[in-house]
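Shown below: entry.cif, with mmCIF, C-alpha atoms.
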data_target
#
loop_
_atom_site.label_atom_id
_atom_site.label_comp_id
_atom_site.auth_asym_id
_atom_site.auth_seq_id
_atom_site.Cartn_x
_atom_site.Cartn_y
_atom_site.Cartn_z
CA MET N 1 11.83 -6.16 11.52
CA LYS N 2 12.87 -2.98 9.71
CA ILE N 3 11.29 -2.07 6.37
CA ALA N 4 12.31 0.87 4.19
CA VAL N 5 10.46 2.40 1.26
CA VAL N 6 12.41 4.51 -1.23
CA ASP N 7 10.69 6.64 -3.87
CA GLU N 8 10.85 10.24 -5.05
CA ASP N 9 7.11 10.24 -5.74
CA VAL N 10 5.59 11.06 -2.36
CA ILE N 11 2.05 10.01 -3.44
CA VAL N 12 3.14 6.49 -4.38
CA ARG N 13 5.59 6.25 -1.48
CA ASP N 14 2.96 7.25 1.11
CA PHE N 15 0.52 4.70 -0.29
CA ILE N 16 3.09 1.91 0.03
CA VAL N 17 3.99 3.09 3.54
CA SER N 18 0.34 3.20 4.67
CA THR N 19 -0.28 -0.32 3.37
CA LEU N 20 2.90 -1.75 4.88
CA MET N 21 2.46 0.07 8.20
CA TYR N 22 -1.06 -1.28 8.50
CA SER N 23 0.00 -4.80 7.52
CA VAL N 24 2.91 -5.19 9.92
CA ASN N 25 1.91 -2.65 12.59
CA ARG N 26 5.42 -1.21 12.64
CA GLU N 27 7.11 2.07 11.78
CA ILE N 28 8.24 2.14 8.15
CA LEU N 29 11.45 3.97 7.18
CA THR N 30 11.11 6.32 4.21
CA PHE N 31 13.68 7.84 1.86
CA ASP N 32 13.30 9.91 -1.30
CA ASN N 33 16.66 8.99 -2.88
CA GLY N 34 19.12 6.14 -3.11
CA PHE N 35 22.06 7.97 -1.59
CA ASP N 36 20.31 8.72 1.73
CA THR N 37 19.13 5.12 1.84
CA TRP N 38 22.66 3.82 1.41
CA VAL N 39 24.02 6.22 4.05
CA TYR N 40 21.36 5.04 6.47
CA CYS N 41 22.22 1.39 5.75
CA THR N 42 25.92 1.87 6.38
CA GLU N 43 25.47 4.00 9.48
CA SER N 44 22.41 2.48 11.17
CA GLY N 45 22.28 -1.06 9.82
CA PHE N 46 20.49 -2.64 6.92
CA PRO N 47 16.70 -2.94 6.96
CA ASP N 48 15.30 -6.44 6.58
CA ILE N 49 13.32 -5.34 3.52
CA ILE N 50 13.89 -2.47 1.11
CA VAL N 51 11.15 -1.55 -1.36
CA ALA N 52 12.56 0.89 -3.91
CA ASP N 53 11.70 2.56 -7.20
CA VAL N 54 14.16 1.91 -10.02
CA ASN N 55 14.44 5.61 -10.83
CA LEU N 56 16.12 7.33 -7.90
CA GLN N 57 18.40 10.34 -7.54
CA GLY N 58 21.99 9.78 -6.41
CA ILE N 59 22.10 5.99 -6.42
CA ASP N 60 19.46 4.41 -8.66
CA GLY N 61 17.49 1.31 -7.73
CA PHE N 62 19.75 -1.08 -9.67
CA SER N 63 22.93 0.23 -8.05
CA LEU N 64 21.22 0.16 -4.66
CA VAL N 65 20.37 -3.53 -5.10
CA SER N 66 23.96 -4.37 -6.06
CA LYS N 67 25.46 -2.49 -3.14
CA VAL N 68 22.98 -3.84 -0.60
CA LYS N 69 23.31 -7.45 -1.78
CA GLU N 70 27.11 -7.20 -1.75
CA THR N 71 27.19 -6.06 1.86
CA SER N 72 24.01 -7.56 3.30
CA PRO N 73 22.83 -10.49 1.16
CA GLY N 74 20.05 -11.32 3.59
CA THR N 75 18.27 -8.03 3.02
CA VAL N 76 15.26 -8.49 0.77
CA VAL N 77 15.20 -5.89 -2.00
CA VAL N 78 12.05 -5.29 -4.02
CA LEU N 79 12.29 -3.00 -7.05
CA PHE N 80 9.30 -1.41 -8.72
CA SER N 81 8.96 0.27 -12.09
CA ASP N 82 6.51 1.26 -14.81
CA SER N 83 8.82 -0.04 -17.57
CA PRO N 84 9.01 -3.71 -18.61
CA ARG N 85 12.59 -3.11 -19.74
CA ASN N 86 13.67 -2.80 -16.12
CA GLU N 87 12.48 -6.25 -15.09
CA THR N 88 15.37 -8.23 -16.56
CA LYS N 89 17.95 -5.82 -15.21
CA ALA N 90 16.37 -5.98 -11.75
CA SER N 91 16.79 -9.74 -11.82
CA GLU N 92 20.38 -9.49 -13.05
CA GLN N 93 21.26 -7.08 -10.25
CA GLY N 94 19.92 -9.52 -7.65
CA ALA N 95 16.54 -8.08 -6.73
CA ASP N 96 14.35 -10.55 -4.83
CA ALA N 97 11.13 -9.26 -6.37
CA PHE N 98 9.92 -7.00 -9.13
CA LEU N 99 6.76 -5.00 -8.64
CA ALA N 100 5.21 -3.85 -11.91
CA LYS N 101 3.26 -0.59 -11.93
CA PRO N 102 0.42 0.10 -11.53
CA PHE N 103 0.21 -2.05 -8.40
CA GLY N 104 -2.35 -2.05 -5.60
CA VAL N 105 -2.90 -3.37 -2.10
CA ASN N 106 -3.03 -7.00 -3.22
CA GLU N 107 0.53 -6.88 -4.54
CA ILE N 108 1.83 -5.24 -1.35
CA PHE N 109 -0.04 -7.79 0.77
CA SER N 110 1.62 -10.52 -1.30
CA LEU N 111 5.02 -9.04 -0.44
CA VAL N 112 4.11 -9.07 3.26
CA GLN N 113 2.89 -12.65 3.00
CA THR N 114 6.07 -13.75 1.21
CA TYR N 115 8.76 -11.88 3.11
CA VAL N 116 7.24 -11.16 6.53
CA VAL N 117 4.74 -13.91 7.29
CA GLU N 118 6.46 -16.77 5.45
CA PRO N 119 10.12 -15.73 5.10
CA ASP N 120 12.52 -18.23 3.58
CA PRO N 121 14.20 -19.92 6.60
CA ALA N 122 17.33 -20.49 4.52
CA ARG N 123 17.74 -16.77 3.93
CA ASP N 124 20.75 -15.21 5.66
CA THR N 125 19.31 -12.33 7.66
CA SER N 126 22.55 -11.30 9.34
CA THR N 127 23.57 -7.71 8.73
CA PRO N 128 27.34 -7.27 8.93
CA VAL N 129 27.27 -3.51 9.49
CA MET X 1 12.81 -13.44 -8.71
CA LEU X 2 9.24 -12.99 -7.60
CA ARG X 3 7.16 -10.93 -10.02
CA LEU X 4 4.00 -9.10 -9.02
CA GLY X 5 1.69 -6.69 -10.82
CA PRO X 6 0.30 -6.36 -14.33
CA LYS X 7 1.72 -8.04 -17.43
CA PRO X 8 4.46 -6.11 -19.26
CA GLU X 9 2.09 -4.84 -21.95
CA ARG X 10 -0.15 -3.31 -19.27
CA MET X 11 2.57 -1.60 -17.27
CA ARG X 12 2.38 2.18 -16.93
CA GLU X 13 2.95 5.01 -14.49
CA MET X 14 0.60 5.18 -11.50
CA GLU X 15 -1.92 8.00 -11.70
CA LEU X 16 -3.92 9.71 -8.96
CA ASP X 17 -6.97 7.59 -9.80
CA ASP X 18 -4.92 4.43 -9.24
CA ILE X 19 -3.84 5.70 -5.85
CA PHE X 20 -7.38 6.71 -4.89
CA ILE X 21 -8.85 3.32 -5.79
CA SER X 22 -6.00 1.49 -4.05
CA ARG X 23 -6.35 3.60 -0.92
CA LEU X 24 -10.11 3.04 -0.98
CA GLN X 25 -9.52 -0.71 -1.20
CA LEU X 26 -7.14 -0.42 1.75
CA LEU X 27 -9.73 1.55 3.73
CA ILE X 28 -12.35 -1.14 3.04
CA ILE X 29 -9.93 -3.83 4.22
CA MET X 30 -9.23 -1.78 7.34
CA ALA X 31 -12.97 -1.50 8.08
CA LYS X 32 -13.64 -5.18 7.38
CA SER X 33 -10.73 -6.13 9.61
CA TYR X 34 -12.20 -3.95 12.38
CA LEU X 35 -15.60 -5.61 11.97
CA SER X 36 -13.84 -8.99 12.09
CA LYS X 37 -12.45 -7.99 15.53
CA ASN X 38 -8.85 -8.18 14.37
CA PRO X 39 -6.54 -6.29 16.75
CA LEU X 40 -5.39 -2.76 16.09
CA GLY X 41 -2.13 -1.27 17.33
CA ASP X 42 -0.46 2.13 17.43
CA TYR X 43 0.85 2.01 13.88
CA ARG X 44 -2.28 0.45 12.47
CA GLU X 45 -4.33 3.23 14.04
CA ARG X 46 -1.97 5.81 12.56
CA SER X 47 -2.18 4.15 9.18
CA ILE X 48 -5.99 4.11 9.28
CA LEU X 49 -6.15 7.80 10.19
CA GLU X 50 -3.72 8.79 7.42
CA ASN X 51 -5.49 6.65 4.86
CA ALA X 52 -8.97 7.82 5.87
CA GLU X 53 -7.87 11.46 5.62
CA PHE X 54 -6.44 10.92 2.13
CA VAL X 55 -9.56 9.14 0.90
CA LYS X 56 -11.92 11.67 2.50
CA VAL X 57 -10.16 14.67 0.95
CA ASP X 58 -9.96 13.02 -2.45
CA ALA X 59 -13.58 11.86 -2.37
CA VAL X 60 -14.79 15.35 -1.49
CA GLY X 61 -12.70 16.77 -4.33
CA LEU X 62 -14.13 14.31 -6.84
CA ALA X 63 -17.69 14.95 -5.67
CA GLU X 64 -17.14 18.73 -5.98
CA ASP X 65 -15.73 18.26 -9.48
CA ILE X 66 -18.88 16.41 -10.49
CA ALA X 67 -21.09 19.14 -9.02
CA PHE X 68 -18.98 21.93 -10.54
CA PHE X 69 -19.32 20.58 -14.06
CA GLY X 70 -23.10 20.40 -13.69
CA PHE X 71 -23.61 16.66 -13.88
CA ASN X 72 -26.54 15.02 -12.18
CA GLU X 73 -27.17 11.44 -11.14
CA SER X 74 -28.86 10.46 -14.42
CA ASP X 75 -25.59 11.26 -16.22
CA PHE X 76 -23.95 8.44 -14.32
CA LYS X 77 -26.51 5.70 -14.82
CA GLY X 78 -24.74 2.54 -15.85
CA LEU X 79 -21.36 3.76 -14.66
CA ASP X 80 -19.53 2.37 -11.66
CA PHE X 81 -19.25 5.63 -9.76
CA GLU X 82 -22.26 7.82 -9.21
CA PRO X 83 -22.02 11.03 -7.19
CA VAL X 84 -23.58 9.37 -4.14
CA PHE X 85 -20.71 6.88 -4.25
CA TYR X 86 -18.33 9.58 -3.07
CA GLN X 87 -20.64 10.51 -0.21
CA ARG X 88 -20.59 6.87 0.88
CA VAL X 89 -16.81 6.82 0.63
CA LYS X 90 -16.59 9.97 2.75
CA LEU X 91 -18.89 8.36 5.33
CA LEU X 92 -16.68 5.28 5.38
CA ALA X 93 -13.63 7.46 5.99
CA VAL X 94 -15.34 9.25 8.90
CA MET X 95 -16.35 5.91 10.44
CA ALA X 96 -12.81 4.58 10.04
CA GLU X 97 -11.42 7.66 11.77
CA ALA X 98 -13.83 7.04 14.65
CA PHE X 99 -12.76 3.46 15.32
CA ALA X 100 -9.09 4.29 14.77
CA LYS X 101 -9.39 6.95 17.49
CA GLY X 102 -10.70 4.30 19.87
CA HIS X 103 -14.39 5.18 19.73
CA SER X 104 -16.12 1.83 19.83
CA LEU X 105 -18.98 1.65 17.35
CA GLU X 106 -22.29 0.53 18.80
CA GLU X 107 -24.06 -2.40 17.18
CA HIS X 108 -26.32 -0.28 14.97
CA LYS X 109 -23.34 1.76 13.81
CA GLN X 110 -21.44 -1.41 12.99
CA GLU X 111 -24.44 -2.53 10.94
CA ALA X 112 -24.42 0.83 9.15
CA LEU X 113 -20.71 0.46 8.50
CA GLU X 114 -21.20 -3.02 7.09
CA LYS X 115 -24.08 -1.86 4.88
CA ASN X 116 -21.99 1.04 3.61
CA LEU X 117 -19.07 -1.29 2.91
CA ASN X 118 -21.27 -3.68 0.97
CA THR X 119 -22.64 -0.88 -1.16
CA ILE X 120 -19.18 0.47 -1.95
CA CYS X 121 -17.88 -3.03 -2.66
CA GLU X 122 -20.54 -3.48 -5.32
CA ALA X 123 -18.69 -0.84 -7.34
CA ILE X 124 -15.20 -2.25 -6.95
CA THR X 125 -13.92 -5.80 -6.82
CA PHE X 126 -11.24 -7.61 -4.92
CA SER X 127 -9.28 -10.75 -5.60
CA LYS X 128 -8.65 -11.36 -1.89
CA THR X 129 -10.96 -11.64 1.10
CA ILE X 130 -10.26 -10.61 4.67
CA SER X 131 -9.77 -14.26 5.63
CA ASP X 132 -6.85 -14.47 3.18
CA MET X 133 -4.89 -11.95 5.21
CA GLN X 134 -3.82 -13.99 8.19
CA PHE X 135 -1.26 -11.39 9.25
CA LEU X 136 -4.06 -9.03 10.32
CA LYS X 137 -4.88 -11.39 13.17
CA VAL X 138 -1.76 -10.34 15.06
CA ALA X 139 -0.64 -6.86 16.04
#
Now that the file is in, can you turn its structure into structure tokens?
Amino acid sequence: MKIAVVDEDVIVRDFIVSTLMYSVNREILTFDNGFDTWVYCTESGFPDIIVADVNLQGIDGFSLVSKVKETSPGTVVVLFSDSPRNETKASEQGADAFLAKPFGVNEIFSLVQTYVVEPDPARDTSTPV
Amino acid sequence: MLRLGPKPERMREMELDDIFISRLQLLIIMAKSYLSKNPLGDYRERSILENAEFVKVDAVGLAEDIAFFGFNESDFKGLDFEPVFYQRVKLLAVMAEAFAKGHSLEEHKQEALEKNLNTICEAITFSKTISDMQFLKVA
């Protein structure tokens, strides 16, 4: 199980990483922009779960969702934002979940429960790259 | 699409206080999980150490801010966080570092940890209990 967290804000990103790392007892991949995330995906394979901010340099969160879902539909993509306006667009782009800020440990635990502990068996987890 | 977090009208950017409280909640969960004999693991230990360090540094900073501005305990009566709260948080962080480094806590230290946790928990609330987090039972 590979999980990536993408956010320019190192304080928020490190908090998410600490919570996820503790929850799943695995290394968590980290990126501070969408472009590096996409390069990693195409060169090293898609993570099972990507948790990304909407506002990213290079490739923003919406574009990242579209590109990931087009190539690896089984990858779970969670977008987070502090703006309600971004929720509808996240859904339209194919995000699996929307995390509204400010969030805490309970919300991240809910993600773990939903996508790690009780993943949808019908979900295609194959990664073509 | 799954939606988590506050309602749209309550959405806003995350501030340092949000991160501190969230990391403190995480540290409490880590300590309660330890007391519940849930297994650790390399990455969990690393996560505990990183989280404890963050909380410890931030708690010391907040306590120093309170001292610097000349407040005393009576100024905080009726508020959630009194100056001693940050000392308790710092103690919790030190204890968490100890068990994450593999130092087993003797029974009286575990009791002290539990007492400290209970006191801190009186100031903050959770919507989940340790038994809700089944994934902590495997490493």
Practice task
Tell me which of X:Glu107, X:Asp18, X:Asp132, X:Glu53 sits closest to Ala93 of chain X, counting all atoms listed in the file.
Solution key: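 Checking each of X:Glu107, X:Asp18, X:Asp132, X:Glu53 against Ala93 of chain X, counting all atoms listed in the file, the winner is X:Glu53.
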Practice task
Using atom CA of Pro73 of chain N and atom CA of Lys101 of chain N as the two end points, give the distance in Å to one decimal.
Solution key: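 Separation of atom CA of Pro73 of chain N and atom CA of Lys101 of chain N: 25.5 Å.
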Exercise for the section: Can you work out the spacing between atom CA of Met11 of chain X and atom CA of Glu87 of chain N in Å, to one decimal? Expected result: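 Interatomic distance, atom CA of Met11 of chain X to atom CA of Glu87 of chain N: 11.2 Å.
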Problem - Contact residues (chain N, partner chain X, 9 Å, only C-alpha atoms) as an MDAnalysis selection string - result: chainID N and resid 11:12 15 17:27 78 81:85 87 90:91 94:113 116:117
Quick one: everything within 10 Å of Asn33 of chain N, counting all atoms listed in the file, minus sequence neighbours fewer than 5 positions away in the same chain. Send it as a short mmCIF file (atom, residue, chain, number, x, y, z; two decimals) with C-alpha atoms, in the coordinates of the input.
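Contents of the output file result-v8.cif:
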data_model
loop_
_atom_site.label_atom_id
_atom_site.label_comp_id
_atom_site.auth_asym_id
_atom_site.auth_seq_id
_atom_site.Cartn_x
_atom_site.Cartn_y
_atom_site.Cartn_z
CA VAL N 5 10.46 2.40 1.26
CA VAL N 6 12.41 4.51 -1.23
CA ASP N 7 10.69 6.64 -3.87
CA GLU N 8 10.85 10.24 -5.05
CA TRP N 38 22.66 3.82 1.41
CA ALA N 52 12.56 0.89 -3.91
CA ASP N 53 11.70 2.56 -7.20
CA ASN N 55 14.44 5.61 -10.83
CA LEU N 56 16.12 7.33 -7.90
CA GLN N 57 18.40 10.34 -7.54
CA GLY N 58 21.99 9.78 -6.41
CA ILE N 59 22.10 5.99 -6.42
CA ASP N 60 19.46 4.41 -8.66
CA GLY N 61 17.49 1.31 -7.73
#
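Across the model, the gap from atom CA of Arg13 of chain N to atom CA of Phe31 of chain N is 8.9 Å.
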Problem - Residues within 10 Å of Thr119 of chain X, only C-alpha atoms, excluding chain neighbours under 5 positions, as number ranges by chain - result: X: 85, 88-89, 113-114, 124
Practice task
Identify, on the basis of only C-alpha atoms, every residue whose closest approach to Glu92 of chain N does not exceed 10 Å; exclude the query and any residue fewer than 4 positions from it along the same chain; express the result as JSON, numbers by chain.
Solution key: {"N": [62, 65, 66, 86, 87, 88], "X": [1]}
Build an axis-aligned box that encloses every atom of segment 106-117 of chain N listed in the file, pad it by 8 Å on each side, and report its centre and edge lengths in Å to one decimal, as JSON.
{"center_x": 2.9, "center_y": -9.6, "center_z": 1.4, "size_x": 27.8, "size_y": 24.7, "size_z": 27.8}
